[in-house]
Each structure stands twice: as C-alpha cells, then as structure tokens.
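Engineer: Contents are mmCIF, C-alpha atoms; file name input.cif:
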data_my_file
#
loop_
_atom_site.group_PDB
_atom_site.id
_atom_site.type_symbol
_atom_site.label_atom_id
_atom_site.label_comp_id
_atom_site.auth_asym_id
_atom_site.auth_seq_id
_atom_site.Cartn_x
_atom_site.Cartn_y
_atom_site.Cartn_z
ATOM 1 C CA MET A 1 -70.067 60.210 36.596
ATOM 2 C CA VAL A 2 -66.596 61.030 37.872
ATOM 3 C CA ASP A 3 -63.801 58.833 36.579
ATOM 4 C CA PHE A 4 -61.891 58.222 39.814
ATOM 5 C CA LYS A 5 -59.090 56.288 38.125
ATOM 6 C CA GLU A 6 -58.368 59.272 35.878
ATOM 7 C CA ARG A 7 -58.441 61.693 38.821
ATOM 8 C CA ILE A 8 -56.094 59.486 40.865
ATOM 9 C CA GLU A 9 -53.673 59.223 37.933
ATOM 10 C CA ALA A 10 -53.770 63.019 37.574
ATOM 11 C CA GLU A 11 -52.984 63.398 41.298
ATOM 12 C CA PHE A 12 -49.963 61.111 40.980
ATOM 13 C CA GLU A 13 -48.809 63.048 37.920
ATOM 14 C CA ALA A 14 -49.038 66.326 39.839
ATOM 15 C CA ILE A 15 -47.063 64.847 42.745
ATOM 16 C CA GLU A 16 -44.361 63.550 40.391
ATOM 17 C CA LYS A 17 -44.073 66.967 38.729
ATOM 18 C CA ALA A 18 -43.778 68.664 42.101
ATOM 19 C CA LEU A 19 -41.094 66.270 43.313
ATOM 20 C CA SER A 20 -39.128 66.566 40.074
ATOM 21 C CA ALA A 21 -38.765 70.314 40.675
ATOM 22 C CA PHE A 22 -36.476 69.647 43.638
ATOM 23 C CA PRO A 23 -32.782 68.826 43.212
ATOM 24 C CA GLN A 24 -31.707 65.238 43.708
ATOM 25 C CA GLY A 25 -30.357 64.461 47.148
ATOM 26 C CA SER A 26 -31.319 63.510 50.633
ATOM 27 C CA PHE A 27 -33.676 65.596 52.718
ATOM 28 C CA LEU A 28 -32.224 63.922 55.826
ATOM 29 C CA ALA A 29 -29.387 66.441 55.960
ATOM 30 C CA LEU A 30 -31.775 69.384 56.328
ATOM 31 C CA SER A 31 -32.555 71.114 59.591
ATOM 32 C CA PRO A 32 -36.170 71.029 60.817
ATOM 33 C CA LEU A 33 -36.653 74.621 59.641
ATOM 34 C CA GLU A 34 -35.253 73.848 56.188
ATOM 35 C CA LEU A 35 -37.411 70.737 55.969
ATOM 36 C CA ALA A 36 -40.508 72.788 56.860
ATOM 37 C CA GLY A 37 -39.598 75.215 54.084
ATOM 38 C CA VAL A 38 -39.229 72.375 51.584
ATOM 39 C CA ALA A 39 -42.605 70.997 52.681
ATOM 40 C CA ALA A 40 -44.234 74.406 52.191
ATOM 41 C CA LEU A 41 -42.691 74.795 48.741
ATOM 42 C CA LEU A 42 -43.747 71.286 47.770
ATOM 43 C CA HIS A 43 -47.300 71.945 48.945
ATOM 44 C CA ASN A 44 -47.504 75.246 47.056
ATOM 45 C CA PHE A 45 -46.026 73.808 43.869
ATOM 46 C CA TYR A 46 -48.233 70.714 44.030
ATOM 47 C CA THR A 47 -51.340 72.843 44.566
ATOM 48 C CA TYR A 48 -50.341 75.136 41.668
ATOM 49 C CA GLN A 49 -49.784 72.121 39.382
ATOM 50 C CA GLY A 50 -53.187 70.785 40.400
ATOM 51 C CA PHE A 51 -54.881 74.053 39.475
ATOM 52 C CA GLN A 52 -53.012 74.129 36.174
ATOM 53 C CA ALA A 53 -54.136 70.574 35.366
ATOM 54 C CA GLY A 54 -57.712 71.289 36.416
ATOM 55 C CA ILE A 55 -57.561 68.855 39.329
ATOM 56 C CA HIS A 56 -58.113 71.384 42.094
ATOM 57 C CA LYS A 57 -60.888 73.919 41.691
ATOM 58 C CA PHE A 58 -62.481 76.518 43.925
#
Just give me the structure as structure tokens.
Structural biologist:
Amino acid sequence: MVDFKERIEAEFEAIEKALSAFPQGSFLALSPLELAGVAALLHNFYTYQGFQAGIHKF
C-alpha cells in the first residue's frame, strides 16, 4: 500500500528545494513576463527534483 504521508512529505521537500534555488527577494517587483519566466523555471526545477527523488515517474 502507498504511504501517502511519506509521498506528501517528499512533495513538500521537493517544493522547498525548488524555492531555495531562487535568490531571496520579492517577486512583486517583477514584470508579468519575468514572473511567467520564474514560474516556468520553478515548475521545471520542481519537476526535475521530483524525478530525481523518485516522486514523479513516467
């Protein structure tokens, strides 16, 4: 049986790792285009971290 608590903890860990890759500061000062770029990078990095941790699989 799948241990959902462990999977949820792994998801939070992957999110924290992805967010820690960005410099400290406010995203409020970014233009909409810059913010979209940050969102794309965050998504790609988060997905990559998930594959590395074995969370996301094909």
Engineer: Env of Ile15 in chain A: 10 Å cut, atoms = all atoms listed in the file, seq-sep filter 4 positions within chain, self excluded. Answer as a PDB file with C-alpha atoms, keeping the file's coordinate frame.
Structural biologist:
ATOM      1  CA  GLU A   9     -53.673  59.223  37.933  1.00  0.00           C
ATOM      2  CA  ALA A  10     -53.770  63.019  37.574  1.00  0.00           C
ATOM      3  CA  GLU A  11     -52.984  63.398  41.298  1.00  0.00           C
ATOM      4  CA  LEU A  19     -41.094  66.270  43.313  1.00  0.00           C
ATOM      5  CA  SER A  20     -39.128  66.566  40.074  1.00  0.00           C
ATOM      6  CA  LEU A  42     -43.747  71.286  47.770  1.00  0.00           C
ATOM      7  CA  HIS A  43     -47.300  71.945  48.945  1.00  0.00           C
ATOM      8  CA  PHE A  45     -46.026  73.808  43.869  1.00  0.00           C
ATOM      9  CA  TYR A  46     -48.233  70.714  44.030  1.00  0.00           C
ATOM     10  CA  THR A  47     -51.340  72.843  44.566  1.00  0.00           C
ATOM     11  CA  GLN A  49     -49.784  72.121  39.382  1.00  0.00           C
ATOM     12  CA  GLY A  50     -53.187  70.785  40.400  1.00  0.00           C
TER      13      GLY A  50
END
Engineer: By how many Å are CA of Leu28 in chain A and CA of Phe12 in chain A apart?
Structural biologist: 23.3 Å
Engineer: Could you list as a list in words every residue that has an atom within 12 Å of (-37.5, 69.3, 47.9), using the file's coordinates and counting all atoms listed in the file?
Structural biologist: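 Using all atoms listed in the file, the matching residues come out as Ile15, Glu16, Lys17, Ala18, Leu19, Ser20, Ala21, Phe22, Pro23, Gln24, Gly25, Ser26, Phe27, Leu28, Ala29, Leu30, Glu34, Leu35, Ala36, Gly37, Val38, Ala39, Ala40, Leu41, Leu42, His43, Asn44, Phe45 and Tyr46 of chain A.
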Engineer: With all atoms of range 21-27 of chain A from the file as input, state the centre and edge lengths in Å to one decimal of the axis-aligned box that has 5 Å extra on each side, as AutoDock Vina command-line options.
Structural biologist:
--center_x -34.6 --center_y 66.9 --center_z 46.7 --size_x 18.4 --size_y 16.8 --size_z 22.0
Engineer: Would you fill out range 16-49 of chain A with N, CA and C atoms and return it as a CSV table (one decimal), keeping the file's coordinate frame?
Structural biologist:
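Generated file (rebuild_28.csv):
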chain,number,residue,atom,x,y,z
A,16,GLU,N,-45.6,63.8,41.1
A,16,GLU,CA,-44.4,63.6,40.4
A,16,GLU,C,-43.8,64.8,39.8
A,17,LYS,N,-44.6,65.7,39.3
A,17,LYS,CA,-44.1,67.0,38.7
A,17,LYS,C,-43.5,67.8,39.9
A,18,ALA,N,-44.2,67.9,41.0
A,18,ALA,CA,-43.8,68.7,42.1
A,18,ALA,C,-42.5,68.2,42.6
A,19,LEU,N,-42.3,66.8,42.8
A,19,LEU,CA,-41.1,66.3,43.3
A,19,LEU,C,-39.9,66.4,42.3
A,20,SER,N,-40.2,66.4,41.1
A,20,SER,CA,-39.1,66.6,40.1
A,20,SER,C,-38.6,68.0,40.1
A,21,ALA,N,-39.3,68.9,40.6
A,21,ALA,CA,-38.8,70.3,40.7
A,21,ALA,C,-37.6,70.5,41.7
A,22,PHE,N,-37.5,69.6,42.6
A,22,PHE,CA,-36.5,69.6,43.6
A,22,PHE,C,-35.2,69.0,43.2
A,23,PRO,N,-34.0,69.5,43.6
A,23,PRO,CA,-32.8,68.8,43.2
A,23,PRO,C,-32.7,67.4,43.8
A,24,GLN,N,-31.9,66.6,43.2
A,24,GLN,CA,-31.7,65.2,43.7
A,24,GLN,C,-30.8,65.3,45.0
A,25,GLY,N,-31.1,64.5,45.9
A,25,GLY,CA,-30.4,64.5,47.1
A,25,GLY,C,-31.2,64.1,48.3
A,26,SER,N,-30.6,64.0,49.4
A,26,SER,CA,-31.3,63.5,50.6
A,26,SER,C,-31.8,64.7,51.4
A,27,PHE,N,-33.1,64.6,51.9
A,27,PHE,CA,-33.7,65.6,52.7
A,27,PHE,C,-33.3,65.4,54.2
A,28,LEU,N,-32.6,64.2,54.5
A,28,LEU,CA,-32.2,63.9,55.8
A,28,LEU,C,-31.2,64.9,56.4
A,29,ALA,N,-30.4,65.5,55.5
A,29,ALA,CA,-29.4,66.4,56.0
A,29,ALA,C,-29.9,67.8,56.3
A,30,LEU,N,-31.2,68.1,56.1
A,30,LEU,CA,-31.8,69.4,56.3
A,30,LEU,C,-32.2,69.6,57.8
A,31,SER,N,-32.1,70.8,58.2
A,31,SER,CA,-32.6,71.1,59.6
A,31,SER,C,-34.1,71.1,59.6
A,32,PRO,N,-34.7,71.0,60.8
A,32,PRO,CA,-36.2,71.0,60.8
A,32,PRO,C,-36.8,72.3,60.1
A,33,LEU,N,-36.1,73.4,60.3
A,33,LEU,CA,-36.7,74.6,59.6
A,33,LEU,C,-36.5,74.5,58.1
A,34,GLU,N,-35.4,74.0,57.6
A,34,GLU,CA,-35.3,73.8,56.2
A,34,GLU,C,-36.3,72.8,55.6
A,35,LEU,N,-36.5,71.8,56.4
A,35,LEU,CA,-37.4,70.7,56.0
A,35,LEU,C,-38.8,71.3,55.9
A,36,ALA,N,-39.2,72.1,56.9
A,36,ALA,CA,-40.5,72.8,56.9
A,36,ALA,C,-40.6,73.7,55.6
A,37,GLY,N,-39.6,74.4,55.3
A,37,GLY,CA,-39.6,75.2,54.1
A,37,GLY,C,-39.8,74.4,52.8
A,38,VAL,N,-39.1,73.3,52.7
A,38,VAL,CA,-39.2,72.4,51.6
A,38,VAL,C,-40.7,71.9,51.5
A,39,ALA,N,-41.2,71.5,52.7
A,39,ALA,CA,-42.6,71.0,52.7
A,39,ALA,C,-43.6,72.1,52.2
A,40,ALA,N,-43.4,73.3,52.6
A,40,ALA,CA,-44.2,74.4,52.2
A,40,ALA,C,-44.1,74.6,50.7
A,41,LEU,N,-42.9,74.6,50.2
A,41,LEU,CA,-42.7,74.8,48.7
A,41,LEU,C,-43.3,73.7,47.9
A,42,LEU,N,-43.2,72.4,48.4
A,42,LEU,CA,-43.7,71.3,47.8
A,42,LEU,C,-45.3,71.4,47.7
A,43,HIS,N,-45.8,71.8,48.9
A,43,HIS,CA,-47.3,71.9,48.9
A,43,HIS,C,-47.8,73.0,48.0
A,44,ASN,N,-47.1,74.2,48.0
A,44,ASN,CA,-47.5,75.2,47.1
A,44,ASN,C,-47.4,74.9,45.6
A,45,PHE,N,-46.2,74.2,45.3
A,45,PHE,CA,-46.0,73.8,43.9
A,45,PHE,C,-47.0,72.7,43.4
A,46,TYR,N,-47.3,71.8,44.3
A,46,TYR,CA,-48.2,70.7,44.0
A,46,TYR,C,-49.6,71.3,43.8
A,47,THR,N,-50.0,72.2,44.7
A,47,THR,CA,-51.3,72.8,44.6
A,47,THR,C,-51.4,73.6,43.3
A,48,TYR,N,-50.4,74.4,42.9
A,48,TYR,CA,-50.3,75.1,41.7
A,48,TYR,C,-50.5,74.2,40.5
A,49,GLN,N,-49.7,73.1,40.5
A,49,GLN,CA,-49.8,72.1,39.4
A,49,GLN,C,-51.2,71.5,39.3
